[in-house]
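**Student:** Got a structure for you, my_file30.csv, holding CSV, C-alpha atoms and all ligand atoms.
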chain,number,residue,atom,x,y,z
A,188,MET,CA,-39.8,40.2,6.6
A,189,GLU,CA,-38.6,39.4,3.1
A,190,ARG,CA,-41.2,37.5,1.0
A,191,LYS,CA,-40.4,35.3,-1.9
A,192,GLN,CA,-39.0,36.4,-5.2
A,193,HIS,CA,-41.6,35.5,-7.8
A,194,GLN,CA,-40.3,33.5,-10.8
A,195,ASN,CA,-43.4,32.1,-12.3
A,196,GLY,CA,-42.2,32.2,-15.8
A,197,ARG,CA,-43.6,34.3,-18.6
A,198,ALA,CA,-47.3,33.8,-19.0
A,199,GLY,CA,-47.8,36.9,-20.9
A,200,LEU,CA,-48.8,37.6,-24.4
A,201,ARG,CA,-48.0,34.1,-25.6
A,202,ALA,CA,-50.6,32.6,-23.3
A,203,LEU,CA,-53.1,35.3,-24.1
A,204,ALA,CA,-52.5,34.8,-27.7
A,205,SER,CA,-52.7,31.0,-27.6
A,206,GLY,CA,-55.8,29.2,-29.0
A,207,GLY,CA,-56.5,30.5,-32.4
A,208,GLY,CA,-55.7,34.0,-33.7
A,209,SER,CA,-52.4,34.0,-32.0
A,210,MET,CA,-50.5,35.4,-34.9
A,211,CYS,CA,-53.0,38.2,-35.1
A,212,LEU,CA,-52.8,39.1,-31.4
A,213,GLU,CA,-49.0,38.7,-31.3
A,214,GLN,CA,-48.8,41.1,-34.2
A,215,THR,CA,-51.2,43.6,-32.7
A,216,VAL,CA,-49.7,43.7,-29.2
A,217,SER,CA,-46.1,43.5,-30.0
A,218,GLY,CA,-46.0,45.9,-32.9
A,219,ASP,CA,-44.2,49.1,-31.8
A,220,ASP,CA,-46.9,51.3,-33.3
A,221,THR,CA,-49.7,49.9,-31.2
A,222,PRO,CA,-49.9,50.4,-27.5
A,223,TYR,CA,-51.1,47.3,-25.6
A,224,PRO,CA,-54.9,47.1,-25.4
A,225,TYR,CA,-56.5,47.6,-22.0
A,226,GLU,CA,-57.0,43.8,-21.5
A,227,VAL,CA,-53.2,43.2,-21.9
A,228,ILE,CA,-52.4,45.8,-19.3
A,229,LYS,CA,-55.0,44.4,-17.0
A,230,GLU,CA,-53.5,40.9,-17.4
A,231,SER,CA,-50.2,42.3,-16.0
A,232,ALA,CA,-52.0,44.2,-13.2
A,233,ASP,CA,-54.1,41.1,-12.2
A,234,PHE,CA,-51.0,38.9,-12.2
A,235,LEU,CA,-49.4,41.2,-9.6
A,236,LEU,CA,-52.5,41.7,-7.6
A,237,SER,CA,-53.0,37.9,-7.3
A,238,ARG,CA,-49.5,37.5,-5.9
A,239,THR,CA,-49.3,40.2,-3.3
A,240,LYS,CA,-51.6,41.0,-0.4
A,241,LEU,CA,-50.7,44.7,-0.5
A,242,ARG,CA,-52.8,47.2,-2.4
A,243,PRO,CA,-50.5,50.1,-3.0
A,244,LYS,CA,-51.9,53.5,-3.9
A,245,ILE,CA,-48.5,55.1,-4.3
A,246,GLY,CA,-46.1,54.1,-7.1
A,247,VAL,CA,-42.4,54.9,-7.4
A,248,ILE,CA,-40.1,54.8,-10.4
A,249,CYS,CA,-36.4,54.6,-9.5
A,250,GLY,CA,-33.9,56.3,-11.9
A,251,SER,CA,-30.3,55.3,-12.8
A,252,GLY,CA,-28.5,54.1,-9.7
A,253,LEU,CA,-31.4,55.2,-7.5
A,254,GLY,CA,-33.0,51.7,-6.9
A,255,ALA,CA,-31.8,51.4,-3.3
A,256,LEU,CA,-35.0,52.9,-2.2
A,257,ALA,CA,-36.7,49.6,-3.0
A,258,GLU,CA,-34.3,47.9,-0.6
A,259,GLN,CA,-35.9,50.0,2.2
A,260,LEU,CA,-39.3,48.5,1.7
A,261,GLU,CA,-40.5,46.0,4.3
A,262,ASP,CA,-42.5,42.8,3.8
A,263,ARG,CA,-41.5,42.8,0.1
A,264,ASP,CA,-42.9,40.9,-2.8
A,265,ILE,CA,-40.4,41.0,-5.6
A,266,PHE,CA,-41.2,40.4,-9.3
A,267,PRO,CA,-38.3,40.4,-11.8
A,268,TYR,CA,-39.7,42.1,-14.9
A,269,ASP,CA,-39.2,39.0,-17.0
A,270,THR,CA,-41.7,37.1,-14.8
A,271,ILE,CA,-44.5,39.7,-15.2
A,272,PRO,CA,-46.7,39.0,-18.3
A,273,ASN,CA,-46.2,41.6,-21.1
A,274,PHE,CA,-43.5,43.5,-19.3
A,275,PRO,CA,-40.4,44.8,-21.1
A,276,VAL,CA,-37.0,44.1,-19.5
A,277,SER,CA,-34.3,46.6,-18.3
A,278,THR,CA,-31.1,46.5,-20.2
A,279,VAL,CA,-29.2,49.5,-18.6
A,280,ALA,CA,-26.6,49.4,-15.8
A,281,GLY,CA,-28.1,50.8,-12.6
A,282,HIS,CA,-31.6,49.5,-13.4
A,283,ALA,CA,-32.1,46.2,-11.5
A,284,GLY,CA,-35.2,45.3,-13.5
A,285,ARG,CA,-37.8,44.3,-10.9
A,286,MET,CA,-41.0,45.4,-9.4
A,287,VAL,CA,-40.9,45.6,-5.6
A,288,ILE,CA,-44.1,45.8,-3.7
A,289,GLY,CA,-43.8,46.4,0.1
A,290,THR,CA,-44.4,48.9,2.8
A,291,LEU,CA,-42.4,52.0,3.7
A,292,ASP,CA,-43.1,53.5,7.2
A,293,GLY,CA,-46.3,51.5,7.1
A,294,VAL,CA,-47.5,52.7,3.7
A,295,ALA,CA,-48.0,50.3,0.9
A,296,VAL,CA,-45.8,51.2,-2.1
A,297,MET,CA,-45.0,49.7,-5.4
A,298,CYS,CA,-41.6,50.5,-6.7
A,299,MET,CA,-40.0,50.0,-10.1
A,300,GLN,CA,-36.4,49.2,-9.5
A,301,GLY,CA,-35.4,50.2,-13.0
A,302,ARG,CA,-37.2,51.7,-15.9
A,303,PHE,CA,-37.4,51.5,-19.7
A,304,HIS,CA,-35.9,54.1,-22.1
A,305,SER,CA,-36.5,54.9,-25.7
A,306,TYR,CA,-32.8,54.4,-26.6
A,307,GLU,CA,-33.1,50.7,-25.4
A,308,GLY,CA,-35.3,50.3,-28.5
A,309,TYR,CA,-38.7,50.7,-26.8
A,310,PRO,CA,-41.4,53.0,-28.2
A,311,LEU,CA,-42.5,55.7,-25.8
A,312,TRP,CA,-45.8,54.0,-25.0
A,313,LYS,CA,-43.8,50.9,-23.9
A,314,CYS,CA,-41.5,53.0,-21.7
A,315,ALA,CA,-44.5,54.2,-19.9
A,316,MET,CA,-46.6,51.0,-20.0
A,317,PRO,CA,-45.9,50.1,-16.3
A,318,VAL,CA,-47.6,53.3,-15.2
A,319,ARG,CA,-50.9,52.0,-16.7
A,320,VAL,CA,-50.3,48.7,-14.9
A,321,MET,CA,-49.9,50.6,-11.7
A,322,LYS,CA,-53.1,52.6,-12.5
A,323,LEU,CA,-55.1,49.4,-13.0
A,324,MET,CA,-53.8,48.1,-9.7
A,325,GLY,CA,-55.1,51.1,-7.8
A,326,VAL,CA,-52.2,53.5,-7.8
A,327,ASP,CA,-53.2,57.2,-7.9
A,328,GLN,CA,-50.0,59.0,-6.9
A,329,LEU,CA,-46.6,58.6,-8.6
A,330,LEU,CA,-43.1,59.6,-7.5
A,331,VAL,CA,-40.7,59.6,-10.4
A,332,THR,CA,-37.0,59.9,-10.0
A,333,ASN,CA,-34.2,60.2,-12.4
A,334,ALA,CA,-30.5,61.0,-12.9
A,335,ALA,CA,-29.9,64.1,-15.0
A,336,GLY,CA,-27.2,66.4,-16.2
A,337,GLY,CA,-27.2,70.0,-14.7
A,338,ILE,CA,-27.5,72.8,-17.3
A,339,ASN,CA,-28.3,75.6,-14.8
A,340,ARG,CA,-24.9,76.9,-13.8
A,341,GLN,CA,-26.2,77.5,-10.2
A,342,PHE,CA,-26.5,73.8,-9.7
A,343,ASN,CA,-23.8,71.5,-8.3
A,344,ILE,CA,-23.2,67.8,-8.7
A,345,GLY,CA,-25.3,66.0,-6.0
A,346,ASP,CA,-28.1,68.6,-6.0
A,347,ILE,CA,-31.7,67.4,-6.1
A,348,MET,CA,-33.9,69.2,-8.5
A,349,ILE,CA,-37.7,69.0,-7.8
A,350,ILE,CA,-39.2,69.1,-11.3
A,351,LYS,CA,-41.6,71.9,-11.7
A,352,ASP,CA,-42.2,71.4,-15.4
A,353,HIS,CA,-40.8,69.6,-18.4
A,354,ILE,CA,-40.2,70.2,-22.1
A,355,ASN,CA,-41.5,67.2,-24.2
A,356,MET,CA,-39.0,67.3,-27.1
A,357,GLN,CA,-40.4,64.1,-28.6
A,358,GLY,CA,-43.8,65.7,-28.5
A,359,PHE,CA,-42.4,68.6,-30.6
A,360,ALA,CA,-41.3,66.0,-33.1
A,361,GLY,CA,-44.8,64.3,-33.3
A,362,ASP,CA,-44.1,61.4,-31.0
A,363,SER,CA,-46.0,60.7,-27.8
A,364,PRO,CA,-46.7,57.7,-25.5
A,365,LEU,CA,-50.4,58.6,-26.1
A,366,ARG,CA,-50.0,58.4,-29.9
A,367,GLY,CA,-52.6,56.1,-31.4
A,368,ARG,CA,-56.3,55.5,-30.6
A,369,ASN,CA,-57.3,57.0,-27.3
A,370,ASP,CA,-58.8,54.7,-24.6
A,371,GLU,CA,-61.2,56.9,-22.6
A,372,ARG,CA,-61.0,54.4,-19.7
A,373,TYR,CA,-57.6,56.0,-19.0
A,374,GLY,CA,-58.3,59.6,-19.9
A,375,PRO,CA,-59.3,62.1,-22.5
A,376,ARG,CA,-57.9,62.5,-26.0
A,377,PHE,CA,-56.3,65.9,-25.2
A,378,PRO,CA,-55.1,65.9,-21.6
A,379,ALA,CA,-53.9,69.2,-20.1
A,380,MET,CA,-50.2,69.2,-19.0
A,381,ASN,CA,-49.9,72.4,-17.1
A,382,ASN,CA,-49.5,71.6,-13.4
A,383,ALA,CA,-48.3,68.2,-14.4
A,384,TYR,CA,-46.0,68.3,-11.4
A,385,ASP,CA,-48.4,68.8,-8.5
A,386,ARG,CA,-48.0,72.3,-7.0
A,387,THR,CA,-49.2,71.3,-3.5
A,388,LEU,CA,-46.8,68.4,-3.3
A,389,ARG,CA,-44.0,70.6,-4.4
A,390,GLN,CA,-44.8,73.4,-1.9
A,391,LYS,CA,-45.2,71.0,1.0
A,392,THR,CA,-41.9,69.3,0.1
A,393,LEU,CA,-40.0,72.6,-0.2
A,394,GLU,CA,-41.4,73.6,3.2
A,395,LEU,CA,-40.2,70.4,4.9
A,396,VAL,CA,-36.8,69.7,3.3
A,397,LYS,CA,-35.3,71.9,6.1
A,398,GLU,CA,-36.2,69.2,8.6
A,399,LEU,CA,-34.1,66.8,6.6
A,400,GLY,CA,-31.2,69.3,6.4
A,401,LEU,CA,-31.4,69.3,2.6
A,402,GLN,CA,-32.5,72.9,2.1
A,403,ASP,CA,-29.1,73.8,0.5
A,404,VAL,CA,-29.1,71.1,-2.1
A,405,VAL,CA,-32.8,71.0,-3.1
A,406,ARG,CA,-33.7,73.2,-6.1
A,407,GLU,CA,-36.7,73.5,-8.5
A,408,GLY,CA,-36.3,73.5,-12.2
A,409,VAL,CA,-37.3,72.4,-15.7
A,410,TYR,CA,-36.4,69.0,-17.0
A,411,VAL,CA,-36.0,68.0,-20.7
A,412,MET,CA,-35.9,64.5,-22.0
A,413,LEU,CA,-33.8,63.8,-25.1
A,414,GLY,CA,-33.8,60.4,-26.8
A,415,GLY,CA,-30.2,59.5,-26.0
A,416,PRO,CA,-28.1,57.4,-25.7
A,417,THR,CA,-25.6,60.1,-26.7
A,418,TYR,CA,-24.9,62.8,-24.2
A,419,GLU,CA,-25.3,66.3,-25.5
A,420,THR,CA,-23.0,68.3,-27.7
A,421,VAL,CA,-22.0,71.8,-26.5
A,422,ALA,CA,-24.2,73.4,-29.2
A,423,GLU,CA,-27.2,71.3,-28.0
A,424,LEU,CA,-26.6,72.3,-24.4
A,425,ASN,CA,-26.4,75.9,-25.4
A,426,LEU,CA,-29.7,75.6,-27.1
A,427,LEU,CA,-31.3,73.9,-24.1
A,428,ARG,CA,-30.0,76.7,-21.8
A,429,VAL,CA,-31.5,79.4,-24.0
A,430,VAL,CA,-35.0,77.8,-23.9
A,431,GLY,CA,-35.0,77.6,-20.1
A,432,VAL,CA,-33.9,74.0,-19.3
A,433,ASP,CA,-32.3,73.4,-16.0
A,434,ALA,CA,-31.5,69.7,-16.3
A,435,VAL,CA,-31.4,67.1,-19.1
A,436,GLY,CA,-32.0,63.4,-19.1
A,437,MET,CA,-33.4,60.5,-21.2
A,438,SER,CA,-36.5,59.5,-19.3
A,439,THR,CA,-39.4,60.5,-17.1
A,440,VAL,CA,-41.5,62.6,-19.6
A,441,PRO,CA,-43.4,59.6,-21.2
A,442,GLU,CA,-44.1,58.2,-17.7
A,443,VAL,CA,-45.4,61.6,-16.5
A,444,VAL,CA,-47.5,62.1,-19.6
A,445,VAL,CA,-49.2,58.7,-19.2
A,446,ALA,CA,-49.7,59.2,-15.5
A,447,ARG,CA,-51.3,62.6,-15.9
A,448,HIS,CA,-53.5,61.2,-18.7
A,449,CYS,CA,-55.0,58.7,-16.3
A,450,GLY,CA,-55.4,61.3,-13.6
A,451,MET,CA,-52.5,60.4,-11.3
A,452,ARG,CA,-51.0,63.0,-9.1
A,453,VAL,CA,-47.3,63.3,-9.9
A,454,PHE,CA,-44.1,64.4,-8.0
A,455,ALA,CA,-40.7,64.0,-9.7
A,456,PHE,CA,-37.2,64.9,-8.9
A,457,SER,CA,-33.8,64.7,-10.6
A,458,LEU,CA,-30.5,63.9,-9.0
A,459,ILE,CA,-27.9,66.1,-10.7
A,460,THR,CA,-25.4,63.4,-11.2
A,461,ASN,CA,-23.1,65.5,-13.4
A,462,MET,CA,-22.7,69.0,-14.6
A,463,CYS,CA,-23.1,69.3,-18.4
A,464,ILE,CA,-20.0,70.3,-20.2
A,465,ILE,CA,-20.9,73.5,-22.0
A,466,GLU,CA,-17.5,74.5,-23.2
A,467,TYR,CA,-15.2,73.4,-26.0
A,468,GLU,CA,-11.8,73.8,-24.4
A,469,THR,CA,-11.8,70.8,-22.1
A,470,GLU,CA,-11.0,67.1,-22.1
A,471,ALA,CA,-13.8,66.3,-19.6
A,472,LYS,CA,-16.5,63.9,-20.8
A,473,ALA,CA,-20.0,62.9,-19.5
A,474,SER,CA,-20.1,59.3,-18.5
A,475,HIS,CA,-22.6,56.8,-17.1
A,476,THR,CA,-19.9,55.8,-14.6
A,477,GLU,CA,-20.1,59.3,-13.1
A,478,VAL,CA,-23.9,59.1,-13.1
A,479,ILE,CA,-23.9,55.9,-11.1
A,480,GLU,CA,-21.1,57.0,-8.8
A,481,THR,CA,-23.0,60.3,-7.9
A,482,ALA,CA,-26.2,58.3,-7.4
A,483,THR,CA,-24.6,55.9,-5.1
A,484,MET,CA,-22.9,58.7,-3.1
A,485,ARG,CA,-26.2,60.5,-2.6
A,486,GLN,CA,-28.3,57.4,-1.9
A,487,LYS,CA,-29.0,58.2,1.8
A,488,ASP,CA,-30.3,61.7,1.2
A,489,LEU,CA,-32.5,60.6,-1.7
A,490,GLN,CA,-34.0,57.9,0.4
A,491,LYS,CA,-34.8,60.5,3.1
A,492,LEU,CA,-36.4,62.7,0.6
A,493,ALA,CA,-38.4,59.9,-1.0
A,494,ARG,CA,-39.7,58.8,2.4
A,495,LEU,CA,-40.8,62.4,3.1
A,496,ILE,CA,-42.7,62.7,-0.2
A,497,ILE,CA,-44.4,59.3,0.3
A,498,LYS,CA,-45.4,60.4,3.8
A,499,ILE,CA,-46.9,63.7,2.4
A,500,MET,CA,-48.7,61.7,-0.3
A,501,SER,CA,-50.1,59.2,2.1
A,502,GLU,CA,-51.2,61.8,4.6
A,503,ASP,CA,-52.8,64.0,1.9
A,504,GLY,CA,-54.7,61.1,0.3
A,505,TYR,CA,-55.7,61.6,-3.3
A,506,GLU,CA,-58.0,60.0,-5.8
A,507,ALA,CA,-58.0,60.5,-9.5
A,508,GLY,CA,-60.2,63.4,-10.3
A,509,ASP,CA,-59.5,65.2,-7.0
A,510,GLU,CA,-58.1,68.3,-8.6
B,1,LIG,O1,-33.3,58.8,-16.4
B,1,LIG,P1,-32.6,57.7,-15.7
B,1,LIG,O2,-33.2,56.4,-16.0
B,1,LIG,O3,-32.5,58.0,-14.2
B,1,LIG,O4,-31.1,57.6,-16.3
B,1,LIG,C1,-30.4,58.7,-16.9
B,1,LIG,O5,-29.0,58.3,-16.8
B,1,LIG,C2,-28.7,57.5,-18.0
B,1,LIG,C3,-27.5,58.2,-18.7
B,1,LIG,O6,-26.4,58.2,-17.8
B,1,LIG,C4,-29.9,57.7,-18.9
B,1,LIG,O7,-30.7,56.5,-18.9
B,1,LIG,C5,-30.6,58.9,-18.3
B,1,LIG,O8,-32.0,58.9,-18.7
B,2,LIG,N1,-29.2,63.4,-21.6
B,2,LIG,C1,-28.5,63.3,-20.4
B,2,LIG,N2,-28.9,62.4,-19.6
B,2,LIG,C2,-28.3,62.3,-18.4
B,2,LIG,N3,-28.5,61.5,-17.4
B,2,LIG,C3,-27.5,61.8,-16.4
B,2,LIG,N4,-26.8,62.7,-16.9
B,2,LIG,C4,-27.2,63.1,-18.1
B,2,LIG,C5,-26.8,64.1,-19.0
B,2,LIG,O1,-25.8,64.8,-18.8
B,2,LIG,N5,-27.5,64.1,-20.2
Now, as a test, write the supplied structure out as C-alpha cells.
Ligand SMILES: O=P(O)(O)O[C@H]1O[C@H](CO)[C@@H](O)[C@H]1O
Ligand SMILES: Nc1nc2[nH]cnc2c(=O)[nH]1
**Tutor:**
Amino acid sequence: MERKQHQNGRAGLRALASGGGSMCLEQTVSGDDTPYPYEVIKESADFLLSRTKLRPKIGVICGSGLGALAEQLEDRDIFPYDTIPNFPVSTVAGHAGRMVIGTLDGVAVMCMQGRFHSYEGYPLWKCAMPVRVMKLMGVDQLLVTNAAGGINRQFNIGDIMIIKDHINMQGFAGDSPLRGRNDERYGPRFPAMNNAYDRTLRQKTLELVKELGLQDVVREGVYVMLGGPTYETVAELNLLRVVGVDAVGMSTVPEVVVARHCGMRVFAFSLITNMCIIEYETEAKASHTEVIETATMRQKDLQKLARLIIKIMSEDGYEAGDE
C-alpha cells in the first residue's frame, strides 16, 4: 500500500536557528567548511522517525538512473528532500531527490532515490550527510550503488562491478568528508579503511549471483571517484589504468568513508554504464544520456541483485562494532 508523500515544508535550520543567535547558527551550520553538528543531523533523523512507523536497519543509496529500486518498496513513506529539515536537494538528471522508506520482501529499508555530488557544489561532508542521518535512525548496513565508466578492458557495458576497494583521490588532495573536528559519537579520529567493502558480504553475493543468472556480468574491481562534472581525458584514463582502477565515477567514496567511520557494514556496486574512451582516434564521446540509457536497460537485473544483497544483509544481521 502506498502511504502519503510528505510535504511538511522546510522546518530545518531556519526553525532551529530561530529565537536569538540565528545568524550565528545559520553561519555555523551552513558554512561549507563546517559539517553539521550532531544535533542538526539528529533533527533530520527525528523528523523522519516521527513520520514513519518503520525502523529500517538497512540503507540504500541509488546511483544515476538506478532509483527504480525504490519503486519496488512496499508500504512506502516518501519524503522529497526539500521537505526534510537540513537536507540538500538533488540537481542531477536521474536522481529523483527523495527518501523512500518501505519494505522489500518484508525487510524495512530506507532508500535514497538520488544522491548529492561534489560537482553540484556540495562539500564532501554534505554529500555524505544523509549517511549520518541514517545512522541516527538505526541503520547499520548500507548498500551503495552508482553508475561508472569501465576502465578495465575486460568489462562490457551493462556489467555490474562489485566494489572491492576504492581510491580516494580527494583524500590524496587533502579533502575528506571527515575533515574538521571529529565527533567521537560517530567514530574515531583515524578510522581504518581496509576492508571498507565487507568481505563476507562480497563472498556471499558472488556465491549466489549464479542463482540469478548474473554470473557472466558480475565482476569485482576497484572504483575511483573524481570530482567531475567533466568526464575524463584520455591521459587521465591512462593514468587511472596504470594505478589499478577498474571503474571511474563521481560519487560513493564520501558516503562509504562516512559509513565506515560510524561503524556501518558496507556493500557497493557500480553499473558499468559506458566504456571509457581510452584512445585519441575516435569521434565517440562519454555522455550522461548513455549513462541513463544503460541504467534504464539494466534496471531489472540490478533490482534482482539489490534484493539478494538486502536478503543476505537481513539474514546475517549486523550491529556496529560486530567486526
Ligand atoms: O555516481 P552516480 O550518482 O551513480 O552518477 C554517475 O553518473 C554521473 C555522470 O554521468 C555522475 O554523477 C557519476 O557520479
Ligand atoms: N567520472 C565518470 N563518471 C561516470 N559515471 C558514469 N560514467 C562515468 C565515466 O565514464 N566517468
**Student:** Check the smallest atom-to-atom distance from each of A:Met324, A:Val478, A:Phe274, A:Tyr223 to Leu241 (chain A) using only C-alpha atoms, then report the winner.
**Tutor:**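 Closest residue, counting only C-alpha atoms: A:Met324.
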**Student:** Can you pull out every residue with an atom within 6 Å of ligand LIG 1 (chain B)? Use only C-alpha atoms and all ligand atoms and format it as a PyMOL selection string.
**Tutor:** chain A and resi 250-251+333-335+436-438+475+478
**Student:** Set the cut-off to 7 Å, count all atoms listed in the file, and list whatever residues fall near ligand LIG 2 (chain B) as a count of residues only.
**Tutor:** 18
**Student:** One decimal, Å: what's the distance from CA of Lys322 (chain A) over to CA of Ile499 (chain A), could you say?
**Tutor:**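 Going from CA of Lys322 (chain A) over to CA of Ile499 (chain A) covers 19.6 Å.
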**Student:** Between A:Val331, A:Ala232, A:Ala379, A:Val443, which one has atoms that come closest to His353 (chain A), using all atoms listed in the file?
**Tutor:** A:Val443
**Student:** Taking into account all atoms listed in the file, which residue in the set A:Ile479, A:Met451, A:Ile465, A:Leu323 is nearest to Gly504 (chain A)?
**Tutor:**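 Answer, going by the shortest atom-to-atom distance: A:Met451.
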**Student:** Select all residues near (-32.2, 65.7, 6.4) (cut-off 8 Å, inclusive, file coordinates), counting all atoms listed in the file, and output them as a PyMOL selection string.
**Tutor:** chain A and resi 396-401+488+491-492
**Student:** If you measure from CA of Arg447 (chain A) to CA of Pro375 (chain A), what distance in Å do you get, rounded to one decimal?
**Tutor:**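 CA of Arg447 (chain A) sits 10.4 Å away from CA of Pro375 (chain A).
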**Student:** Can you pull out the residues contacting Leu260 (chain A)? Cut-off 6 Å, using only C-alpha atoms, and skip same-chain residues under 4 positions away; I want them as JSON, numbers by chain.
**Tutor:** {"A": [289, 290, 291]}
**Student:** Would you export the selected residues with C-alpha atoms as a tab-separated table (two decimals), in the coordinates of the input, please?
**Tutor:**
chain	number	residue	atom	x	y	z
A	289	GLY	CA	-43.80	46.40	0.10
A	290	THR	CA	-44.40	48.90	2.80
A	291	LEU	CA	-42.40	52.00	3.70
**Student:** Between A:Glu442, A:Asp403, A:Glu371, A:Asp219, which residue has the minimum interatomic distance to Pro317 (chain A), considering all atoms listed in the file?
**Tutor:** A:Glu442
